[in-house]
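Q: This is my_file37.tsv, which holds TSV, C-alpha atoms:
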```
chain	number	residue	atom	x	y	z
A	1	MET	CA	0.00	0.00	0.00
A	2	THR	CA	1.44	3.36	-1.01
A	3	ILE	CA	0.38	6.59	0.67
A	4	GLU	CA	0.86	9.54	-1.62
A	5	TYR	CA	1.35	13.00	-0.23
A	6	SER	CA	-0.30	15.87	-1.99
A	7	ASP	CA	1.56	19.15	-2.46
A	8	ASN	CA	-0.71	20.80	0.10
A	9	GLU	CA	-0.03	18.12	2.71
A	10	LEU	CA	3.69	18.37	2.14
A	11	ASP	CA	3.57	22.18	2.36
A	12	GLN	CA	1.78	21.89	5.69
A	13	LEU	CA	4.23	19.28	6.97
A	14	LEU	CA	7.21	21.41	6.01
A	15	ARG	CA	5.81	24.47	7.77
A	16	THR	CA	5.06	22.41	10.89
A	17	HIS	CA	8.53	20.89	10.75
A	18	TYR	CA	10.27	24.27	10.65
A	19	HIS	CA	8.08	25.82	13.32
A	20	ALA	CA	8.66	22.83	15.60
A	21	ALA	CA	12.38	22.82	14.97
A	22	VAL	CA	13.46	26.45	15.00
A	23	ASP	CA	10.69	28.67	16.36
A	24	GLY	CA	12.05	30.72	19.23
A	25	VAL	CA	15.67	29.74	18.59
A	26	THR	CA	18.03	32.49	19.70
A	27	VAL	CA	21.79	32.59	19.65
A	28	PRO	CA	23.27	31.73	23.07
A	29	GLU	CA	24.78	34.80	24.74
A	30	HIS	CA	28.18	33.20	25.33
A	31	LEU	CA	28.41	32.11	21.68
A	32	LEU	CA	27.62	35.59	20.42
A	33	ARG	CA	30.17	37.12	22.80
A	34	GLN	CA	32.82	34.61	21.67
A	35	ALA	CA	32.09	35.19	17.99
A	36	LEU	CA	32.26	38.96	18.33
A	37	THR	CA	35.19	39.40	20.65
A	38	GLU	CA	37.55	36.42	20.56
A	39	PRO	CA	40.45	36.52	18.12
A	40	GLU	CA	40.13	34.28	15.09
A	41	PRO	CA	42.12	31.05	15.45
A	42	GLN	CA	45.28	31.35	13.34
A	43	ARG	CA	44.63	28.18	11.40
A	44	GLY	CA	46.00	29.63	8.16
A	45	ARG	CA	49.42	30.38	9.59
A	46	THR	CA	49.75	26.91	11.19
A	47	VAL	CA	48.69	25.19	7.98
A	48	ARG	CA	51.25	27.23	5.99
A	49	TRP	CA	54.17	26.09	8.17
A	50	THR	CA	53.15	22.44	8.48
A	51	PRO	CA	54.86	21.20	5.24
A	52	VAL	CA	58.06	23.13	6.06
A	53	LEU	CA	58.20	21.62	9.53
A	54	ALA	CA	57.48	18.13	8.19
A	55	PHE	CA	60.27	18.50	5.60
A	56	ALA	CA	62.74	19.77	8.20
A	57	LEU	CA	61.87	16.89	10.53
A	58	ALA	CA	62.31	14.32	7.75
A	59	GLY	CA	65.66	15.88	6.75
A	60	THR	CA	66.93	15.85	10.34
A	61	SER	CA	65.89	12.22	10.80
A	62	PHE	CA	67.68	11.28	7.58
A	63	LEU	CA	70.90	13.00	8.70
A	64	ILE	CA	70.77	11.32	12.13
A	65	ILE	CA	70.34	7.89	10.52
A	66	LEU	CA	73.14	8.64	8.04
A	67	ALA	CA	75.47	9.80	10.81
A	68	SER	CA	74.73	6.81	13.02
A	69	SER	CA	75.28	4.33	10.18
A	70	ARG	CA	78.60	6.01	9.44
A	71	ALA	CA	79.50	5.77	13.11
A	72	VAL	CA	78.68	2.06	13.18
A	73	GLU	CA	80.75	1.58	10.02
A	74	VAL	CA	83.74	3.33	11.59
A	75	LEU	CA	83.39	1.35	14.83
A	76	LEU	CA	83.25	-1.94	12.95
A	77	SER	CA	86.33	-1.10	10.92
A	78	LEU	CA	88.41	-0.60	14.07
W	1	MET	CA	22.90	43.18	15.97
W	2	ASN	CA	21.14	40.57	18.09
W	3	SER	CA	18.24	40.17	15.66
W	4	CYS	CA	20.69	39.64	12.77
W	5	ALA	CA	22.64	37.13	14.87
W	6	ASP	CA	19.43	35.32	15.85
W	7	GLU	CA	18.35	35.16	12.23
W	8	ILE	CA	21.67	33.69	11.16
W	9	TYR	CA	21.74	31.24	14.06
W	10	THR	CA	18.18	30.06	13.34
W	11	TYR	CA	19.12	29.48	9.72
W	12	LEU	CA	22.20	27.53	10.76
W	13	VAL	CA	20.27	25.32	13.20
W	14	ALA	CA	17.84	24.47	10.40
W	15	ARG	CA	20.59	24.03	7.82
W	16	MET	CA	23.06	22.02	9.89
W	17	GLY	CA	20.39	19.89	11.54
W	18	ASN	CA	21.82	20.24	15.03
W	19	ARG	CA	23.07	22.91	17.42
W	20	PHE	CA	26.61	21.56	17.80
W	21	ASP	CA	27.48	22.15	14.17
W	22	ALA	CA	25.40	25.34	14.09
W	23	ASP	CA	27.55	26.74	16.92
W	24	ASP	CA	30.76	25.96	15.01
W	25	VAL	CA	29.54	27.46	11.75
W	26	PHE	CA	28.11	30.50	13.57
W	27	GLN	CA	31.53	31.21	15.04
W	28	SER	CA	33.38	30.77	11.76
W	29	THR	CA	30.77	32.94	10.02
W	30	PHE	CA	31.30	35.83	12.42
W	31	PHE	CA	35.08	35.46	12.27
W	32	LYS	CA	34.73	35.92	8.49
W	33	VAL	CA	32.32	38.83	8.99
W	34	ARG	CA	34.83	40.61	11.22
W	35	HIS	CA	37.65	39.85	8.79
W	36	PHE	CA	35.83	41.11	5.68
W	37	LEU	CA	33.82	43.92	7.28
W	38	PRO	CA	36.16	46.65	5.95
W	39	SER	CA	35.52	45.42	2.38
W	40	PHE	CA	31.69	45.41	2.77
W	41	ARG	CA	30.46	47.91	0.18
W	42	GLY	CA	26.81	48.01	1.20
W	43	ASP	CA	25.48	46.55	-2.08
W	44	SER	CA	23.02	44.50	-0.05
W	45	SER	CA	21.63	44.75	3.47
W	46	PRO	CA	24.07	43.70	6.21
W	47	THR	CA	21.84	40.72	7.14
W	48	THR	CA	21.82	39.50	3.52
W	49	TRP	CA	25.59	39.87	3.33
W	50	VAL	CA	26.08	37.92	6.57
W	51	MET	CA	23.53	35.31	5.45
W	52	ARG	CA	25.54	34.68	2.25
W	53	ILE	CA	28.70	34.20	4.30
W	54	ALA	CA	26.80	31.81	6.60
W	55	MET	CA	25.54	29.83	3.59
W	56	ASN	CA	29.10	29.49	2.23
W	57	GLU	CA	30.46	28.52	5.63
W	58	ALA	CA	27.69	25.93	6.08
W	59	SER	CA	28.50	24.38	2.69
W	60	SER	CA	32.24	24.20	3.30
W	61	PHE	CA	31.69	22.84	6.82
W	62	ARG	CA	29.50	20.05	5.43
W	63	GLU	CA	32.19	19.21	2.88
W	64	ARG	CA	34.81	19.03	5.63
W	65	LYS	CA	32.67	16.95	7.95
W	66	GLY	CA	30.45	14.18	6.73
W	67	ARG	CA	28.68	13.63	10.01
W	68	GLU	CA	25.16	14.70	10.66
W	69	LEU	CA	23.15	14.71	13.86
W	70	PRO	CA	19.37	14.68	13.91
W	71	LEU	CA	17.59	18.00	14.13
W	72	LEU	CA	14.76	16.47	16.08
W	73	THR	CA	15.23	13.78	18.63
W	74	PRO	CA	12.27	11.77	19.96
W	75	GLY	CA	10.24	13.90	22.31
W	76	ASP	CA	12.27	17.01	21.63
W	77	ALA	CA	10.91	19.97	19.72
W	78	LEU	CA	7.99	18.00	18.35
W	79	PRO	CA	4.44	19.28	18.60
W	80	GLN	CA	3.45	18.40	22.15
W	81	PRO	CA	-0.04	17.81	23.57
W	82	GLY	CA	-1.59	20.60	25.60
W	83	SER	CA	-2.64	19.94	29.19
W	84	ASP	CA	-6.10	18.95	27.94
W	85	GLY	CA	-4.59	16.70	25.26
W	86	ARG	CA	-5.93	18.90	22.47
W	87	GLY	CA	-3.86	20.40	19.70
W	88	TYR	CA	-1.79	17.27	19.33
W	89	ASP	CA	-1.95	14.92	16.42
W	90	PRO	CA	0.34	11.92	17.07
W	91	VAL	CA	0.22	10.87	13.42
W	92	GLN	CA	1.29	14.32	12.30
W	93	ALA	CA	3.99	14.45	15.00
W	94	GLU	CA	5.40	11.18	13.66
W	95	THR	CA	5.29	12.45	10.10
W	96	VAL	CA	6.99	15.71	11.09
W	97	GLN	CA	9.75	13.59	12.59
W	98	ASP	CA	9.95	11.74	9.26
W	99	VAL	CA	10.30	15.10	7.50
W	100	ALA	CA	13.27	15.88	9.75
W	101	ALA	CA	14.79	12.51	8.82
W	102	GLY	CA	14.10	13.14	5.13
W	103	MET	CA	15.83	16.52	5.33
W	104	ARG	CA	19.09	14.76	6.13
W	105	HIS	CA	19.03	13.18	2.68
W	106	LEU	CA	18.80	16.51	0.91
W	107	SER	CA	21.78	18.54	-0.25
W	108	GLY	CA	22.44	21.91	1.37
W	109	ASP	CA	21.26	23.78	-1.75
W	110	LEU	CA	17.86	22.10	-1.60
W	111	ARG	CA	17.55	22.63	2.15
W	112	ASP	CA	18.29	26.32	1.73
W	113	VAL	CA	15.43	26.97	-0.67
W	114	LEU	CA	13.01	24.96	1.48
W	115	TYR	CA	13.98	26.99	4.54
W	116	PHE	CA	13.69	30.39	2.85
W	117	TYR	CA	10.44	29.47	1.12
W	118	TYR	CA	8.57	27.65	3.88
W	119	TYR	CA	9.95	29.19	7.05
W	120	LYS	CA	10.99	32.69	6.01
W	121	GLU	CA	8.12	32.82	3.48
W	122	MET	CA	10.30	34.61	0.96
W	123	SER	CA	9.26	35.01	-2.68
W	124	TYR	CA	11.06	33.15	-5.49
W	125	GLU	CA	12.64	36.44	-6.56
W	126	LYS	CA	13.96	37.22	-3.10
W	127	ILE	CA	15.41	33.74	-2.71
W	128	ALA	CA	17.00	34.03	-6.15
W	129	GLY	CA	18.62	37.31	-5.13
W	130	LEU	CA	19.87	35.84	-1.88
W	131	ILE	CA	21.42	32.70	-3.33
W	132	GLY	CA	22.60	34.47	-6.48
W	133	LYS	CA	20.79	32.15	-8.94
W	134	PRO	CA	17.99	32.66	-11.47
W	135	VAL	CA	14.35	32.31	-10.38
W	136	GLY	CA	14.07	29.16	-12.52
W	137	THR	CA	16.80	27.52	-10.45
W	138	VAL	CA	14.93	28.34	-7.24
W	139	LYS	CA	11.75	26.78	-8.62
W	140	SER	CA	13.51	23.66	-9.85
W	141	ARG	CA	15.33	23.24	-6.52
W	142	LEU	CA	12.04	23.55	-4.65
W	143	PHE	CA	10.46	20.99	-6.94
W	144	ARG	CA	13.37	18.55	-6.59
W	145	ALA	CA	13.45	18.96	-2.81
W	146	LYS	CA	9.74	18.28	-2.48
W	147	GLU	CA	9.86	15.28	-4.81
W	148	ALA	CA	12.76	13.81	-2.84
W	149	LEU	CA	10.94	14.39	0.45
W	150	LYS	CA	7.72	12.88	-0.88
W	151	ALA	CA	9.58	9.78	-2.05
W	152	PHE	CA	11.28	9.47	1.33
W	153	LEU	CA	8.05	9.89	3.29
W	154	GLU	CA	6.14	7.45	1.11
W	155	ALA	CA	8.87	4.81	1.34
W	156	HIS	CA	9.14	5.35	5.07
W	157	ARG	CA	5.39	5.10	5.60
W	158	ASP	CA	5.13	1.97	3.41
W	159	HIS	CA	7.91	0.37	5.42
W	160	ARG	CA	6.12	1.22	8.67
W	161	ILE	CA	2.77	-0.19	7.45
W	162	GLN	CA	4.41	-3.49	6.43
```
What is this file in structure tokens?
A:
Amino acid sequence: MTIEYSDNELDQLLRTHYHAAVDGVTVPEHLLRQALTEPEPQRGRTVRWTPVLAFALAGTSFLIILASSRAVEVLLSL
Amino acid sequence: MNSCADEIYTYLVARMGNRFDADDVFQSTFFKVRHFLPSFRGDSSPTTWVMRIAMNEASSFRERKGRELPLLTPGDALPQPGSDGRGYDPVQAETVQDVAAGMRHLSGDLRDVLYFYYYKEMSYEKIAGLIGKPVGTVKSRLFRAKEALKAFLEAHRDHRIQ
């Protein structure tokens, strides 16, 4: 059995849905204060430096491994 | 300022489907508003300008995060019976809850036109101006949204009857 909704019924349901869901909604005071006064998180700057830091870290790790393998080589040759 | 903020927040609660995400998007919207305020030329009303930023923020937030929480939870924000039991239609309450569930299957673009048309009772022309699309696009989005909701409600009701 299929129940078909007419346009009028759906219009009514949509209006009821919105009134039930958002009627009387107001922005919480603390949220408004935060949004208007707190400094914007500096996500852009952090994101910009992330690849540079990752590359520097990888380079340092590579040099440490290289140096330690050379050290082992020298020790073994003694 | 408060009425503009309330209007934006109400839109975001309807658009995001829950207050947690609405709070996040509200904050990022007003960070953007503060950032771009010096470049606001006054071509539109301040509320319209902020609403457009909120719509963009809502779309990019949804792209970043796939999760979605229900707008209506059982017993919350649904039409409730009065003390004398009148003014409450349990069948309609259940269907309204189904509408909330169906909304989650709609894209943000479709939800926007439904909200502005049915809740804000804006004309096609006003919605077109707000979303920056032709009137024909508004009409076709409304049609598609309603067809998708009808299909969802009918399938849901059939499933419940069986």
Q: To one decimal in Å, tell me the separation between atom CA of W:His105 and atom CA of W:Phe152.
A: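 Taking atom CA of W:His105 as the start and atom CA of W:Phe152 as the end point, the length is 8.7 Å.
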Q: Residues of chain A within 10 Å of chain W, counting all atoms listed in the file, what are they? List them as an mmCIF file with C-alpha atoms, in the frame of the given file.
A:
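Contents of out_32.cif, freshly written:
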```cif
data_model
loop_
_atom_site.group_PDB
_atom_site.id
_atom_site.type_symbol
_atom_site.label_atom_id
_atom_site.label_comp_id
_atom_site.auth_asym_id
_atom_site.auth_seq_id
_atom_site.Cartn_x
_atom_site.Cartn_y
_atom_site.Cartn_z
ATOM 1 C CA MET A 1 0.000 0.000 0.000
ATOM 2 C CA THR A 2 1.440 3.360 -1.010
ATOM 3 C CA ILE A 3 0.380 6.590 0.670
ATOM 4 C CA GLU A 4 0.860 9.540 -1.620
ATOM 5 C CA TYR A 5 1.350 13.000 -0.230
ATOM 6 C CA SER A 6 -0.300 15.870 -1.990
ATOM 7 C CA ASP A 7 1.560 19.150 -2.460
ATOM 8 C CA LEU A 10 3.690 18.370 2.140
ATOM 9 C CA ASP A 11 3.570 22.180 2.360
ATOM 10 C CA GLN A 12 1.780 21.890 5.690
ATOM 11 C CA LEU A 13 4.230 19.280 6.970
ATOM 12 C CA LEU A 14 7.210 21.410 6.010
ATOM 13 C CA ARG A 15 5.810 24.470 7.770
ATOM 14 C CA THR A 16 5.060 22.410 10.890
ATOM 15 C CA HIS A 17 8.530 20.890 10.750
ATOM 16 C CA TYR A 18 10.270 24.270 10.650
ATOM 17 C CA HIS A 19 8.080 25.820 13.320
ATOM 18 C CA ALA A 20 8.660 22.830 15.600
ATOM 19 C CA ALA A 21 12.380 22.820 14.970
ATOM 20 C CA VAL A 22 13.460 26.450 15.000
ATOM 21 C CA ASP A 23 10.690 28.670 16.360
ATOM 22 C CA GLY A 24 12.050 30.720 19.230
ATOM 23 C CA VAL A 25 15.670 29.740 18.590
ATOM 24 C CA THR A 26 18.030 32.490 19.700
ATOM 25 C CA VAL A 27 21.790 32.590 19.650
ATOM 26 C CA PRO A 28 23.270 31.730 23.070
ATOM 27 C CA GLU A 29 24.780 34.800 24.740
ATOM 28 C CA LEU A 31 28.410 32.110 21.680
ATOM 29 C CA LEU A 32 27.620 35.590 20.420
ATOM 30 C CA ARG A 33 30.170 37.120 22.800
ATOM 31 C CA GLN A 34 32.820 34.610 21.670
ATOM 32 C CA ALA A 35 32.090 35.190 17.990
ATOM 33 C CA LEU A 36 32.260 38.960 18.330
ATOM 34 C CA THR A 37 35.190 39.400 20.650
ATOM 35 C CA GLU A 38 37.550 36.420 20.560
ATOM 36 C CA PRO A 39 40.450 36.520 18.120
ATOM 37 C CA GLU A 40 40.130 34.280 15.090
ATOM 38 C CA PRO A 41 42.120 31.050 15.450
#
```
Q: Find the residues near W:Ala145: any atom within 7 Å, counting all atoms listed in the file, skip ones fewer than 3 places away on the same chain, and give them as a list in words.
A: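 Near W:Ala145, the qualifying residues are Leu106, Leu110, Arg141, Leu142, Ala148 and Leu149 of chain W.
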Q: Name the closest residue to W:Glu63 among the candidates W:Gly102, W:Phe116, W:Pro38, W:Ser107; distances are taken between atoms, counting only C-alpha atoms.
A: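 Nearest to W:Glu63: W:Ser107.
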Q: Expressed in Å to a single decimal, how great is the separation between atom CA of W:Glu57 and atom CA of W:Met16?
A: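 About the pair atom CA of W:Glu57 and atom CA of W:Met16: they are 10.7 Å apart.
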Q: Just to confirm, what's the straight-line distance from atom CA of W:Ile127 to atom CA of W:Arg52 in Å (one decimal)?
A: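 That distance, rounded to one decimal, is 11.3 Å.
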